[in-house]
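K.L.:
Provided herewith is a single structure, encoded as structure tokens, for subsequent inquiry.
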Amino acid sequence: MSEIQAPSPCATTRVMLIDDHPLVRDGLRARLEAVPGLAVVAEAGNAEEALAAAARQNIDLALMDINMRGTNGIELTAQFHARHPEIAVLILSMHDKGEYVMQSIQAGARGYVLKDAPSQDIVQAIETVKSGGIYYSAALARQLTQPLPERDLLTLREREVLKHIANGESNKQIARELDLSVRTVETHRLNIKRKLNIDGQAELIKFAVESLRLEGKI
């Protein structure tokens with residue numbers, strides 16, 4: 001984890017960057033520090049570093065990626081919402097699917113902007129979220145008005161587990177691949193079956209395989 005020098009007195013919004021790719025954080029920091037009124041005061045590459053920084057520093061807004069090994073951005077958003085509700089969370093992701101936006105907002109995020117958005121859009125998102133509003137990229141507007149398919153009732157982590165189930169992996173194998181405990185994987189399996197009203201293991205595997213086919217991944 002890298003700590004950034006304290007902002008100048010004129011800075012009004014103190015930002016933490018949360019992304020497991022240092023080069024991505026470097027690029028974001030360069031884009032944001034060129035904007036008057038914004039100061040990047042902390043960086044984190046995983047959930048543990050992010051929560052430690054949030055407990056130690058005065059942070060107004062967390063700019064967070066979704067894809068991170070271990071605890072993903074949506075799960076971490078929920079933890080931030082529970083432990084540090086004073087910190088606004090803005091998701092910055094490459095994923096443009098409406099279900100990710102909805103899951104993020106449900107977890108407590110106040111906005112969702114795409115990584116390839118122009119700098120002015122990211123700045124506008126920060127300003128909107130910091131002032132108490134909710135912001136999402138215009139490119140997502142149409143998707144958010146469409147009803148979700150049944151499989152999209154699942155959280156991001158549950159969808160990841162589902163993909164591994166479709167590949168015939170055991171709970172132990174899935175736990176190793178996703179850096180989770182076996183008990184956590186078992187809980188995700190139970191939640192998937194409950195949400196989708198699935199009874200047996202064979203029906204769960206069948207649904208998992210069909211979901212991957214629908215997404216064009218098999």
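Chain labels run A, B, ... following the order of the structure tokens; each chain numbers its residues from 1, and ligands are numbered from 1 in the order shown.
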Compile a residue-level contact table for segment 155-198 of chain A against segment 90-109 of chain A at a cut-off of 12 Å, reporting for every qualifying residue the shortest atom pair and its distance in Å to one decimal, with only C-alpha atoms counted, rows ordered by chain and ascending number, as a tab-separated table.
P.N.:
residue	atom	partner	partner_atom	distance
A:Thr155	CA	A:Gln103	CA	6.5
A:Leu156	CA	A:Tyr100	CA	7.1
A:Arg157	CA	A:Gln103	CA	10.6
A:Glu158	CA	A:Gln103	CA	11.5
A:Arg159	CA	A:Tyr100	CA	10.8
K.L.:
DSSP on the backbone, helix (DSSP H, G or I) only: what residues of segment 72-211 of chain A does that give? Format it as a count of residues only.
P.N.:
89
K.L.:
Hey, which of A:Val15, A:His164, A:Gly27, A:Asp20 ends up closest to Val41 of chain A? Count only C-alpha atoms.
P.N.:
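For Val41 of chain A, the nearest of the given residues is A:Val15.
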K.L.:
Give me the residues within 8 Å of Arg189 of chain A as JSON, numbers by chain, counting only C-alpha atoms and dropping any in the same chain fewer than 4 places off.
P.N.:
{"A": [158, 161, 162, 185, 193]}
K.L.:
Write to file, as a JSON list (two decimals), in the first residue's frame, the residues of the selection just made, with N, CA, C and O atoms.
P.N.:
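Full text of part-v3.json as output:
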[["chain", "number", "residue", "atom", "x", "y", "z"],
["A", 158, "GLU", "N", -21.13, -14.93, -6.66],
["A", 158, "GLU", "CA", -21.94, -16.12, -6.94],
["A", 158, "GLU", "C", -21.84, -16.51, -8.41],
["A", 158, "GLU", "O", -21.82, -17.70, -8.75],
["A", 161, "VAL", "N", -18.56, -18.30, -8.87],
["A", 161, "VAL", "CA", -18.68, -19.68, -8.37],
["A", 161, "VAL", "C", -19.46, -20.53, -9.36],
["A", 161, "VAL", "O", -19.10, -21.68, -9.65],
["A", 162, "LEU", "N", -20.51, -19.96, -9.93],
["A", 162, "LEU", "CA", -21.34, -20.68, -10.90],
["A", 162, "LEU", "C", -20.53, -21.12, -12.11],
["A", 162, "LEU", "O", -20.70, -22.23, -12.62],
["A", 185, "VAL", "N", -17.38, -21.13, -0.07],
["A", 185, "VAL", "CA", -17.87, -21.65, -1.35],
["A", 185, "VAL", "C", -19.16, -22.43, -1.15],
["A", 185, "VAL", "O", -20.11, -22.29, -1.93],
["A", 193, "LYS", "N", -28.58, -21.74, -5.07],
["A", 193, "LYS", "CA", -29.72, -22.66, -5.17],
["A", 193, "LYS", "C", -30.99, -22.03, -4.59],
["A", 193, "LYS", "O", -32.08, -22.20, -5.13]]
K.L.:
Between A:Ala78, A:Ala30, A:Val113, A:Ala52, which is the closest to Asp65 of chain A once you count only C-alpha atoms?
P.N.:
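The shortest atom-to-atom distance to Asp65 of chain A comes from A:Val113.
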K.L.:
Could you please determine the separation between atom CA of Tyr135 of chain A and atom CA of Tyr112 of chain A in Å, to one decimal place?
P.N.:
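These two atoms are separated by 6.2 Å.
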K.L.:
So, with only C-alpha atoms as the atoms that count, which of A:Ile59, A:Met68, A:Val89, A:Leu76 lies closest to Ile134 of chain A?
P.N.:
A:Val89
K.L.:
Might you pull out every residue within 12 Å of segment 23-25 of chain A, with only C-alpha atoms counted and same-chain residues fewer than 3 positions away left off, and present them as a ChimeraX atom specification?
P.N.:
/A:1-2,4,15-20,28-33,40,42-45,63-65,92-94,115-116
K.L.:
Print the selection's residues with N, CA, C and O atoms to a file, as a JSON list (two decimals), in the first residue's frame.
P.N.:
[["chain", "number", "residue", "atom", "x", "y", "z"],
["A", 1, "MET", "N", 0.85, -1.19, 0.00],
["A", 1, "MET", "CA", 0.00, 0.00, 0.00],
["A", 1, "MET", "C", 0.88, 1.23, 0.00],
["A", 1, "MET", "O", 1.86, 1.30, 0.72],
["A", 2, "SER", "N", 0.51, 2.23, -0.78],
["A", 2, "SER", "CA", 1.28, 3.46, -0.89],
["A", 2, "SER", "C", 0.49, 4.61, -0.30],
["A", 2, "SER", "O", -0.67, 4.80, -0.62],
["A", 4, "ILE", "N", 0.10, 8.67, -0.05],
["A", 4, "ILE", "CA", 0.43, 9.84, -0.84],
["A", 4, "ILE", "C", 0.56, 11.04, 0.10],
["A", 4, "ILE", "O", -0.09, 11.10, 1.14],
["A", 15, "VAL", "N", -9.29, 11.47, -1.90],
["A", 15, "VAL", "CA", -9.65, 10.25, -2.63],
["A", 15, "VAL", "C", -8.67, 9.12, -2.33],
["A", 15, "VAL", "O", -7.46, 9.35, -2.23],
["A", 16, "MET", "N", -9.20, 7.91, -2.16],
["A", 16, "MET", "CA", -8.37, 6.72, -2.10],
["A", 16, "MET", "C", -8.62, 5.89, -3.36],
["A", 16, "MET", "O", -9.77, 5.66, -3.74],
["A", 17, "LEU", "N", -7.55, 5.43, -4.01],
["A", 17, "LEU", "CA", -7.65, 4.58, -5.19],
["A", 17, "LEU", "C", -7.49, 3.12, -4.77],
["A", 17, "LEU", "O", -6.53, 2.76, -4.08],
["A", 18, "ILE", "N", -8.45, 2.27, -5.18],
["A", 18, "ILE", "CA", -8.40, 0.86, -4.82],
["A", 18, "ILE", "C", -8.45, 0.03, -6.09],
["A", 18, "ILE", "O", -9.48, -0.09, -6.76],
["A", 19, "ASP", "N", -7.30, -0.51, -6.46],
["A", 19, "ASP", "CA", -7.17, -1.31, -7.68],
["A", 19, "ASP", "C", -5.94, -2.18, -7.50],
["A", 19, "ASP", "O", -4.91, -1.70, -6.99],
["A", 20, "ASP", "N", -6.01, -3.44, -7.91],
["A", 20, "ASP", "CA", -4.87, -4.33, -7.69],
["A", 20, "ASP", "C", -3.79, -4.22, -8.76],
["A", 20, "ASP", "O", -2.83, -4.99, -8.76],
["A", 28, "LEU", "N", -4.60, 6.73, -12.88],
["A", 28, "LEU", "CA", -5.72, 7.43, -12.24],
["A", 28, "LEU", "C", -5.22, 8.60, -11.41],
["A", 28, "LEU", "O", -5.81, 9.69, -11.43],
["A", 29, "ARG", "N", -4.15, 8.36, -10.66],
["A", 29, "ARG", "CA", -3.63, 9.44, -9.81],
["A", 29, "ARG", "C", -3.21, 10.63, -10.67],
["A", 29, "ARG", "O", -3.50, 11.79, -10.32],
["A", 30, "ALA", "N", -2.54, 10.35, -11.79],
["A", 30, "ALA", "CA", -2.10, 11.44, -12.67],
["A", 30, "ALA", "C", -3.30, 12.22, -13.22],
["A", 30, "ALA", "O", -3.26, 13.45, -13.31],
["A", 31, "ARG", "N", -4.38, 11.50, -13.56],
["A", 31, "ARG", "CA", -5.57, 12.16, -14.11],
["A", 31, "ARG", "C", -6.26, 13.01, -13.05],
["A", 31, "ARG", "O", -6.70, 14.13, -13.32],
["A", 32, "LEU", "N", -6.34, 12.50, -11.83],
["A", 32, "LEU", "CA", -7.10, 13.19, -10.80],
["A", 32, "LEU", "C", -6.33, 14.34, -10.18],
["A", 32, "LEU", "O", -6.92, 15.37, -9.82],
["A", 33, "GLU", "N", -5.03, 14.18, -10.02],
["A", 33, "GLU", "CA", -4.26, 15.23, -9.35],
["A", 33, "GLU", "C", -4.10, 16.47, -10.22],
["A", 33, "GLU", "O", -3.66, 17.51, -9.75],
["A", 40, "VAL", "N", -5.44, 12.80, -4.20],
["A", 40, "VAL", "CA", -5.32, 11.36, -3.93],
["A", 40, "VAL", "C", -4.44, 11.22, -2.70],
["A", 40, "VAL", "O", -3.25, 11.54, -2.73],
["A", 42, "ALA", "N", -4.42, 8.25, -0.64],
["A", 42, "ALA", "CA", -4.07, 6.87, -0.31],
["A", 42, "ALA", "C", -4.35, 5.96, -1.49],
["A", 42, "ALA", "O", -5.18, 6.28, -2.35],
["A", 43, "GLU", "N", -3.63, 4.84, -1.51],
["A", 43, "GLU", "CA", -3.85, 3.81, -2.51],
["A", 43, "GLU", "C", -3.90, 2.45, -1.83],
["A", 43, "GLU", "O", -3.30, 2.26, -0.77],
["A", 44, "ALA", "N", -4.62, 1.52, -2.43],
["A", 44, "ALA", "CA", -4.68, 0.16, -1.90],
["A", 44, "ALA", "C", -4.82, -0.83, -3.05],
["A", 44, "ALA", "O", -5.48, -0.53, -4.05],
["A", 45, "GLY", "N", -4.19, -2.00, -2.88],
["A", 45, "GLY", "CA", -4.27, -3.01, -3.91],
["A", 45, "GLY", "C", -5.18, -4.17, -3.56],
["A", 45, "GLY", "O", -5.39, -5.07, -4.38],
["A", 63, "LEU", "N", -12.39, 5.34, -4.82],
["A", 63, "LEU", "CA", -12.57, 5.00, -6.23],
["A", 63, "LEU", "C", -12.11, 3.56, -6.39],
["A", 63, "LEU", "O", -10.92, 3.28, -6.30],
["A", 64, "MET", "N", -13.06, 2.65, -6.62],
["A", 64, "MET", "CA", -12.79, 1.22, -6.43],
["A", 64, "MET", "C", -13.07, 0.39, -7.68],
["A", 64, "MET", "O", -14.11, 0.54, -8.32],
["A", 65, "ASP", "N", -12.13, -0.51, -7.99],
["A", 65, "ASP", "CA", -12.32, -1.48, -9.06],
["A", 65, "ASP", "C", -13.15, -2.65, -8.53],
["A", 65, "ASP", "O", -13.25, -2.86, -7.32],
["A", 92, "LEU", "N", -15.23, 2.13, -10.33],
["A", 92, "LEU", "CA", -14.61, 2.43, -11.63],
["A", 92, "LEU", "C", -14.23, 1.09, -12.23],
["A", 92, "LEU", "O", -13.28, 0.45, -11.79],
["A", 93, "SER", "N", -14.98, 0.65, -13.25],
["A", 93, "SER", "CA", -14.84, -0.72, -13.73],
["A", 93, "SER", "C", -14.84, -0.79, -15.25],
["A", 93, "SER", "O", -15.38, 0.08, -15.94],
["A", 94, "MET", "N", -14.25, -1.87, -15.77],
["A", 94, "MET", "CA", -14.30, -2.15, -17.20],
["A", 94, "MET", "C", -15.60, -2.85, -17.57],
["A", 94, "MET", "O", -15.96, -2.93, -18.74],
["A", 115, "LYS", "N", -14.15, 2.48, -16.91],
["A", 115, "LYS", "CA", -12.73, 2.85, -16.90],
["A", 115, "LYS", "C", -12.31, 3.61, -18.16],
["A", 115, "LYS", "O", -11.36, 4.39, -18.12],
["A", 116, "ASP", "N", -13.00, 3.34, -19.27],
["A", 116, "ASP", "CA", -12.60, 4.02, -20.50],
["A", 116, "ASP", "C", -13.32, 5.36, -20.68],
["A", 116, "ASP", "O", -13.25, 5.97, -21.74]]
K.L.:
Could you tell me which of A:Ser137, A:Asn197, A:Thr13, A:Ser131 comes closest to Gly111 of chain A if we count only C-alpha atoms?
P.N.:
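Between A:Ser137, A:Asn197, A:Thr13, A:Ser131, the residue approaching Gly111 of chain A most closely is A:Ser137.
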K.L.:
Taking into account only C-alpha atoms, which residue in the set A:His21, A:Lys172, A:Arg110, A:Lys130 is nearest to Ile74 of chain A?
P.N.:
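Smallest separation from Ile74 of chain A among the options: A:Arg110.
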K.L.:
Could you please determine the separation between atom CA of Leu38 of chain A and atom CA of Arg14 of chain A in Å, to one decimal place?
P.N.:
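That distance, rounded to one decimal, is 6.3 Å.
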K.L.:
Running DSSP on the backbone, which parts of segment 58-130 of chain A land in strand (DSSP E), as a list of chain:residue names?
P.N.:
A:Leu61, A:Ala62, A:Leu63, A:Met64, A:Ala88, A:Val89, A:Leu90, A:Ile91, A:Leu92, A:Ser93, A:Gly111, A:Tyr112, A:Val113, A:Leu114
K.L.:
For a test of reading the model, state the distance in Å between atom CA of Ala139 of chain A and atom CA of Ala125 of chain A, rounded to one decimal.
P.N.:
13.5 Å
K.L.:
List as a list in words the protein and nucleic acid residues near Gly168 of chain A, meaning an atom at most 12 Å away when only C-alpha atoms are counted, but skip any in the same chain fewer than 2 places from it.
P.N.:
Val161, Leu162, Lys163, His164, Ile165, Ala166, Ser170, Asn171, Lys172, Gln173, Ile174, Gln201, Ala202, Leu204, Ile205, Lys206, Ala208 and Val209 of chain A
